[in-house]
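Read through the structure below, which is laid out as C-alpha cells, and then see the notes.
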Protein chains: 2
Amino acid sequence: MKDVYQQIAFEKLRDAGLKITKPRQMIVDFLASSDTALSPYEVQNLLQKKGIKSDVVTIYRVFEVLENLSLVHKVLAFNGYIRCHTEELKSLEEICHHYLLCKSCKRVEEVEGEDLTNLEKKIEKNYGFKIRSHYLEFMGVCKNCKKKKGQA
Amino acid sequence: MKDVYQQIAFEKLRDAGLKITKPRQMIVDFLASSDTALSPYEVQNLLQKKGIKSDVVTIYRVFEVLENLSLVHKVLAFNGYIRCHTEELKSLEEICHHYLLCKSCKRVEEVEGEDLTNLEKKIEKNYGFKIRSHYLEFMGVCKNCKKKKGQA
DNA sequence: GTGTATGCAAATGTTTTGCACGTCC
DNA sequence: GGACGTGCAAAACATTTGCATACAC
C-alpha cells in the first residue's frame, strides 16, 4: 500500500518532468505511512529525527508540487497535508475529500463510499454555483479515543 | 435582517455577562452587513476607513468571544469569520455550516435546507466516530462571476 | 553540462502573550 | 469602584521571496 503510493508519486513527478530528489522522496515516504496530516514543520522534525537537515522552505515547495499533482490534499482544520488515497490518484475526475479529524489523537480518517455528487448537482442547479472542489471535514473523537476516554 | 443579528449578538453578550464595547459593536456591525468572510486584518482596515483605530489583537479577541457564543463561524479556506445565520442563532443544536465560497469575488453563500444529519449518523455508526462539528466548504465560482466571465 | 531544486538569508504576514491603562456597568 | 476589555510592545510562529549553490538527469 505504502509502496503503491510512492510508486505513483514518482511516476507523476517524472511524467511532469520533475526531478526525484532526496527531500521529495523523503516527504513522499512520510506521507505514505502517516495517518495524520503533516504540516511543513512537523515534516522537518521527522526529518531531523532521521538525522536529515532540511529547510522548511523546501518542504513548503514540495507540498506545493505534490498538491498540484493531486498527490496530497490540504486539511484546513489541521493546517497540514495528507496523502490522497490510492484509488483517487488514478482518477481524472474532481476528487471528493471527506475526512474525519480526531481532536484528540489528530488522526485523519477518510470517509469512503459516500459521495456528494447528488448534493453538488443540486447546489449547482439551485444556486447557479460552479463547484471546483470542496472541503468536508468532520471534527470529533475517533473510535479509539472514545474507548480510552471511557476507560480513564 | 442586519438589525436582528446585532440585537441577538448584544443579547448573547449581555447574557454571558460580557460588555458591549465599541470594538465589539463595530465588529458585529461589519459582520451583520458583510457577505464575505472577514479576517482580523480586513476588519482593521474597515475600521480604519471609518477613522477608527483599533488593534488587531483586540479584533482577534472579539472574534474569539463571538465564536464561543456561536455568533460567527470560521471559514477555513478564507481564513476569516462569517456571521451565523439568524435562524441558527436561536438553535441550541449543533449547527450545520455549508458554504459556497466564490474564488473570484470571495463572497460566501450559505447553503440552506440541506442537511447532512443522515450522512453524519451513518458515519457515526460505521466509523464509531463522534462528530462534534464539521466544515463543509465548496470552492468554486458563483452565479454573478460566471456571468461576468461569460461577458468578458 | 544544463536546468531545476535546494538552502540560506531575510522580508512579510499571522497569531499569541503579558502587562498597564481605560472604560463599561 | 471594580472588573473586564483594550492597546501597546514584543515574542512566537507561519509563509513567501530572491539569489547563489548543489544536484538530478
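Each chain in the C-alpha cells gets a letter, A, B and so on, in the order shown; residues start at 1 in every chain, and ligands are counted from 1 in the order they appear.
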Practice item. Please provide the set of residues having any atom within 12 Å of DT4 in chain C, restricted to only C-alpha atoms (C1' of nucleotides), with same-chain residues fewer than 4 positions apart removed, written as a VMD selection string. Key: (chain A and resid 17 to 21) or (chain D and resid 22 to 25)
Output the contact residues of chain C with respect to chain A at a cut-off of 10 Å, based on only C-alpha atoms (C1' of nucleotides), as a compact mmCIF listing (two decimals) with all heavy atoms, in the first residue's frame.
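Result saved to out_16.txt:
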# COMPACT_ATOMS: atom_id res chain seq x y z
P DT C 4 14.30 24.36 -16.14
OP1 DT C 4 13.27 24.43 -17.19
OP2 DT C 4 14.86 25.61 -15.56
O5' DT C 4 13.75 23.46 -14.96
C5' DT C 4 14.01 22.05 -14.97
C4' DT C 4 14.39 21.63 -13.57
O4' DT C 4 15.73 22.05 -13.23
C3' DT C 4 13.49 22.21 -12.48
O3' DT C 4 13.07 21.12 -11.69
C2' DT C 4 14.40 23.18 -11.72
C1' DT C 4 15.75 22.51 -11.90
N1 DT C 4 16.95 23.39 -11.76
C2 DT C 4 17.95 22.99 -10.91
O2 DT C 4 17.90 21.96 -10.24
N3 DT C 4 19.03 23.85 -10.85
C4 DT C 4 19.19 25.03 -11.55
O4 DT C 4 20.20 25.70 -11.41
C5 DT C 4 18.11 25.38 -12.43
C7 DT C 4 18.19 26.63 -13.23
C6 DT C 4 17.04 24.55 -12.50
P DA C 5 12.11 21.27 -10.49
OP1 DA C 5 11.27 20.06 -10.45
OP2 DA C 5 11.51 22.60 -10.59
O5' DA C 5 13.09 21.24 -9.25
C5' DA C 5 13.92 20.12 -9.06
C4' DA C 5 14.63 20.21 -7.73
O4' DA C 5 15.73 21.14 -7.83
C3' DA C 5 13.76 20.70 -6.57
O3' DA C 5 14.08 19.89 -5.44
C2' DA C 5 14.15 22.16 -6.41
C1' DA C 5 15.62 22.15 -6.84
N9 DA C 5 16.09 23.38 -7.47
C8 DA C 5 15.46 24.14 -8.41
N7 DA C 5 16.15 25.18 -8.80
C5 DA C 5 17.33 25.10 -8.07
C6 DA C 5 18.48 25.91 -8.02
N6 DA C 5 18.64 27.01 -8.76
N1 DA C 5 19.47 25.54 -7.18
C2 DA C 5 19.31 24.43 -6.44
N3 DA C 5 18.28 23.59 -6.40
C4 DA C 5 17.31 23.99 -7.25
P DT C 6 13.62 20.21 -4.01
OP1 DT C 6 13.44 18.93 -3.31
OP2 DT C 6 12.54 21.22 -4.07
O5' DT C 6 14.92 20.90 -3.42
C5' DT C 6 16.08 20.11 -3.24
C4' DT C 6 17.16 20.94 -2.58
O4' DT C 6 17.40 22.11 -3.38
C3' DT C 6 16.81 21.43 -1.17
O3' DT C 6 17.86 21.01 -0.30
C2' DT C 6 16.72 22.95 -1.32
C1' DT C 6 17.58 23.22 -2.53
N1 DT C 6 17.22 24.42 -3.36
C2 DT C 6 18.17 25.38 -3.57
O2 DT C 6 19.29 25.32 -3.11
N3 DT C 6 17.75 26.43 -4.37
C4 DT C 6 16.51 26.59 -4.96
O4 DT C 6 16.28 27.57 -5.64
C5 DT C 6 15.56 25.54 -4.69
C7 DT C 6 14.18 25.62 -5.27
C6 DT C 6 15.95 24.52 -3.91
P DG C 7 17.73 21.15 1.27
OP1 DG C 7 18.47 20.05 1.90
OP2 DG C 7 16.31 21.39 1.59
O5' DG C 7 18.53 22.51 1.52
C5' DG C 7 19.91 22.56 1.17
C4' DG C 7 20.47 23.93 1.51
O4' DG C 7 19.96 24.91 0.55
C3' DG C 7 20.11 24.45 2.89
O3' DG C 7 21.32 24.97 3.46
C2' DG C 7 19.06 25.55 2.64
C1' DG C 7 19.44 26.03 1.23
N9 DG C 7 18.34 26.50 0.39
C8 DG C 7 17.09 25.94 0.25
N7 DG C 7 16.33 26.56 -0.62
C5 DG C 7 17.12 27.62 -1.07
C6 DG C 7 16.84 28.65 -2.02
O6 DG C 7 15.80 28.82 -2.66
N1 DG C 7 17.92 29.51 -2.19
C2 DG C 7 19.12 29.40 -1.54
N2 DG C 7 20.04 30.31 -1.83
N3 DG C 7 19.41 28.44 -0.65
C4 DG C 7 18.37 27.59 -0.46
P DC C 8 21.42 25.41 4.96
OP1 DC C 8 22.73 24.95 5.46
OP2 DC C 8 20.16 25.03 5.64
O5' DC C 8 21.47 26.99 4.86
C5' DC C 8 22.44 27.62 4.02
C4' DC C 8 22.09 29.07 3.80
O4' DC C 8 21.00 29.19 2.87
C3' DC C 8 21.66 29.81 5.08
O3' DC C 8 22.52 30.92 5.25
C2' DC C 8 20.22 30.23 4.79
C1' DC C 8 20.21 30.29 3.27
N1 DC C 8 18.88 30.12 2.64
C2 DC C 8 18.52 30.98 1.59
O2 DC C 8 19.30 31.87 1.24
N3 DC C 8 17.30 30.80 1.00
C4 DC C 8 16.49 29.84 1.41
N4 DC C 8 15.31 29.71 0.79
C5 DC C 8 16.85 28.95 2.48
C6 DC C 8 18.04 29.13 3.06
Exercise for review: Assign secondary structure with DSSP using the backbone only, and return the residues of range 38-142 of chain B in strand (DSSP E) as a VMD selection string.
Suggested key: chain B and resid 72 to 75 80 to 83 98 to 102 108 to 110 130 to 141
Deliver the residues from the most recent selection as a file, using C-alpha atoms, as an mmCIF file, in the first residue's frame.
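Below you can see again.cif, which holds the result:
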data_model
loop_
_atom_site.group_PDB
_atom_site.id
_atom_site.type_symbol
_atom_site.label_atom_id
_atom_site.label_comp_id
_atom_site.auth_asym_id
_atom_site.auth_seq_id
_atom_site.Cartn_x
_atom_site.Cartn_y
_atom_site.Cartn_z
ATOM 1 C CA VAL B 72 -19.628 33.668 13.985
ATOM 2 C CA HIS B 73 -18.186 30.690 12.206
ATOM 3 C CA LYS B 74 -14.677 30.387 10.932
ATOM 4 C CA VAL B 75 -14.350 29.870 7.188
ATOM 5 C CA GLY B 80 -11.910 34.616 8.101
ATOM 6 C CA TYR B 81 -15.141 34.752 10.029
ATOM 7 C CA ILE B 82 -18.699 34.982 8.824
ATOM 8 C CA ARG B 83 -21.805 35.653 10.875
ATOM 9 C CA HIS B 98 -22.374 24.578 4.477
ATOM 10 C CA TYR B 99 -20.794 27.310 2.500
ATOM 11 C CA LEU B 100 -20.252 28.158 -1.122
ATOM 12 C CA LEU B 101 -17.047 30.109 -1.449
ATOM 13 C CA CYS B 102 -16.538 32.060 -4.637
ATOM 14 C CA VAL B 108 -19.706 33.384 0.963
ATOM 15 C CA GLU B 109 -23.142 31.952 0.400
ATOM 16 C CA GLU B 110 -24.808 29.660 2.855
ATOM 17 C CA LYS B 130 -18.383 11.011 17.429
ATOM 18 C CA ILE B 131 -18.908 14.110 15.325
ATOM 19 C CA ARG B 132 -18.748 17.408 17.178
ATOM 20 C CA SER B 133 -18.805 19.845 14.306
ATOM 21 C CA HIS B 134 -17.995 19.988 10.671
ATOM 22 C CA TYR B 135 -16.736 22.194 7.952
ATOM 23 C CA LEU B 136 -18.253 21.869 4.525
ATOM 24 C CA GLU B 137 -16.866 24.398 2.135
ATOM 25 C CA PHE B 138 -17.437 24.282 -1.594
ATOM 26 C CA MET B 139 -14.923 26.241 -3.595
ATOM 27 C CA GLY B 140 -15.997 27.465 -6.979
ATOM 28 C CA VAL B 141 -17.461 30.308 -8.976
#
Exercise for review: DSSP on the backbone, then: every residue of chain A marked helix (DSSP H, G or I), written as a PyMOL selection string.
Suggested key: chain A and resi 2-15+22-33+40-49+56-68+76-78+86-90+117-127+143-151
Exercise for review: Specify as a VMD selection string all residues of chain D found within 8 Å of chain B, counting only C-alpha atoms (C1' of nucleotides).
Suggested key: chain D and resid 4 to 7
Please produce a file of the residues just selected, as a PDB file, in the first residue's frame, where the atoms kept are C-alpha atoms (C1' of nucleotides).
ATOM      1  C1'  DC D   4     -13.423  43.302  32.342  1.00  0.00           C
ATOM      2  C1'  DG D   5     -11.642  44.838  27.840  1.00  0.00           C
ATOM      3  C1'  DT D   6      -8.373  47.342  25.098  1.00  0.00           C
ATOM      4  C1'  DG D   7      -3.935  48.948  23.363  1.00  0.00           C
TER       5       DG D   7
END
Applying 12 Å and only C-alpha atoms (C1' of nucleotides), which residues near DT14 in chain C remain after dropping the ones on its own chain fewer than 5 positions away? List them as a JSON list (two decimals) with N, CA, C and O atoms (P, O5', C5', C4', C3', O3' and C1' of nucleotides), in the first residue's frame.
[["chain", "number", "residue", "atom", "x", "y", "z"],
["B", 39, "SER", "N", -11.37, 38.64, 7.80],
["B", 39, "SER", "CA", -10.22, 38.29, 8.62],
["B", 39, "SER", "C", -9.96, 39.46, 9.57],
["B", 39, "SER", "O", -10.40, 40.58, 9.33],
["B", 40, "PRO", "N", -9.24, 39.21, 10.65],
["B", 40, "PRO", "CA", -8.96, 40.28, 11.59],
["B", 40, "PRO", "C", -8.34, 41.51, 10.92],
["B", 40, "PRO", "O", -8.75, 42.64, 11.22],
["B", 41, "TYR", "N", -7.44, 41.30, 9.99],
["B", 41, "TYR", "CA", -6.80, 42.45, 9.35],
["B", 41, "TYR", "C", -7.76, 43.20, 8.42],
["B", 41, "TYR", "O", -7.69, 44.42, 8.28],
["B", 56, "VAL", "N", -5.30, 44.88, 16.02],
["B", 56, "VAL", "CA", -5.71, 43.55, 15.57],
["B", 56, "VAL", "C", -5.88, 42.60, 16.74],
["B", 56, "VAL", "O", -6.72, 41.70, 16.68],
["B", 57, "VAL", "N", -5.07, 42.77, 17.75],
["B", 57, "VAL", "CA", -5.17, 41.89, 18.93],
["B", 57, "VAL", "C", -6.59, 41.91, 19.46],
["B", 57, "VAL", "O", -7.18, 40.86, 19.74],
["B", 60, "TYR", "N", -8.86, 40.00, 17.13],
["B", 60, "TYR", "CA", -8.73, 38.57, 17.36],
["B", 60, "TYR", "C", -9.54, 38.13, 18.57],
["B", 60, "TYR", "O", -10.25, 37.13, 18.54],
["B", 79, "ASN", "N", -9.80, 31.85, 5.73],
["B", 79, "ASN", "CA", -9.15, 32.36, 6.92],
["B", 79, "ASN", "C", -9.85, 33.60, 7.46],
["B", 79, "ASN", "O", -9.23, 34.62, 7.74],
["D", 12, "DA", "P", 10.04, 34.05, 22.41],
["D", 12, "DA", "O5'", 8.93, 33.32, 21.53],
["D", 12, "DA", "C5'", 7.59, 33.22, 22.04],
["D", 12, "DA", "C4'", 6.71, 32.71, 20.93],
["D", 12, "DA", "C3'", 7.35, 31.63, 20.05],
["D", 12, "DA", "O3'", 6.46, 30.54, 20.00],
["D", 12, "DA", "C1'", 6.43, 33.34, 18.71],
["D", 13, "DC", "P", 6.90, 29.17, 19.34],
["D", 13, "DC", "O5'", 6.12, 29.21, 17.96],
["D", 13, "DC", "C5'", 4.75, 29.64, 17.94],
["D", 13, "DC", "C4'", 4.36, 29.97, 16.52],
["D", 13, "DC", "C3'", 4.91, 29.00, 15.47],
["D", 13, "DC", "O3'", 3.81, 28.38, 14.84],
["D", 13, "DC", "C1'", 5.05, 31.24, 14.76],
["D", 14, "DA", "P", 4.07, 27.35, 13.65],
["D", 14, "DA", "O5'", 3.72, 28.25, 12.38],
["D", 14, "DA", "C5'", 2.49, 28.98, 12.35],
["D", 14, "DA", "C4'", 2.34, 29.60, 10.98],
["D", 14, "DA", "C3'", 2.68, 28.70, 9.81],
["D", 14, "DA", "O3'", 1.63, 28.83, 8.86],
["D", 14, "DA", "C1'", 3.97, 30.69, 9.69],
["D", 15, "DT", "P", 1.72, 28.08, 7.44],
["D", 15, "DT", "O5'", 2.41, 29.15, 6.50],
["D", 15, "DT", "C5'", 1.71, 30.36, 6.23],
["D", 15, "DT", "C4'", 2.51, 31.18, 5.27],
["D", 15, "DT", "C3'", 2.97, 30.45, 4.00],
["D", 15, "DT", "O3'", 2.34, 31.10, 2.91],
["D", 15, "DT", "C1'", 4.70, 31.77, 4.92]]
Exercise for review: Could you check how far CA of Met26 in chain A sits from CA of Leu38 in chain A, in Å to one decimal?
Suggested key: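 Taking CA of Met26 in chain A and CA of Leu38 in chain A, their separation equals 12.9 Å.
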Point to revise | Selection near range 7-15 of chain B, 8 Å with only C-alpha atoms (C1' of nucleotides), sequence-local residues under 4 positions removed, as a PyMOL selection string | key: chain B and resi 3+19-20+28+69+71+89
Check your understanding: At what distance in Å, to one decimal, does CA of Leu31 in chain A lie from CA of Ile123 in chain B?
Key -> 24.7 Å
Exercise for review: Tell me, in Å to one decimal, how far CA of Leu119 in chain B is from CA of His97 in chain A.
Suggested key: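 Pair CA of Leu119 in chain B / CA of His97 in chain A returns 14.3 Å.
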Practice item. Identify which of the residues A:Leu116, A:Leu76, A:Ala37, A:Leu47 lies closest to chain B, counting only C-alpha atoms when measuring atom-to-atom distances. Key: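 Going through A:Leu116, A:Leu76, A:Ala37, A:Leu47 one by one, the smallest distance to chain B is for A:Leu76.
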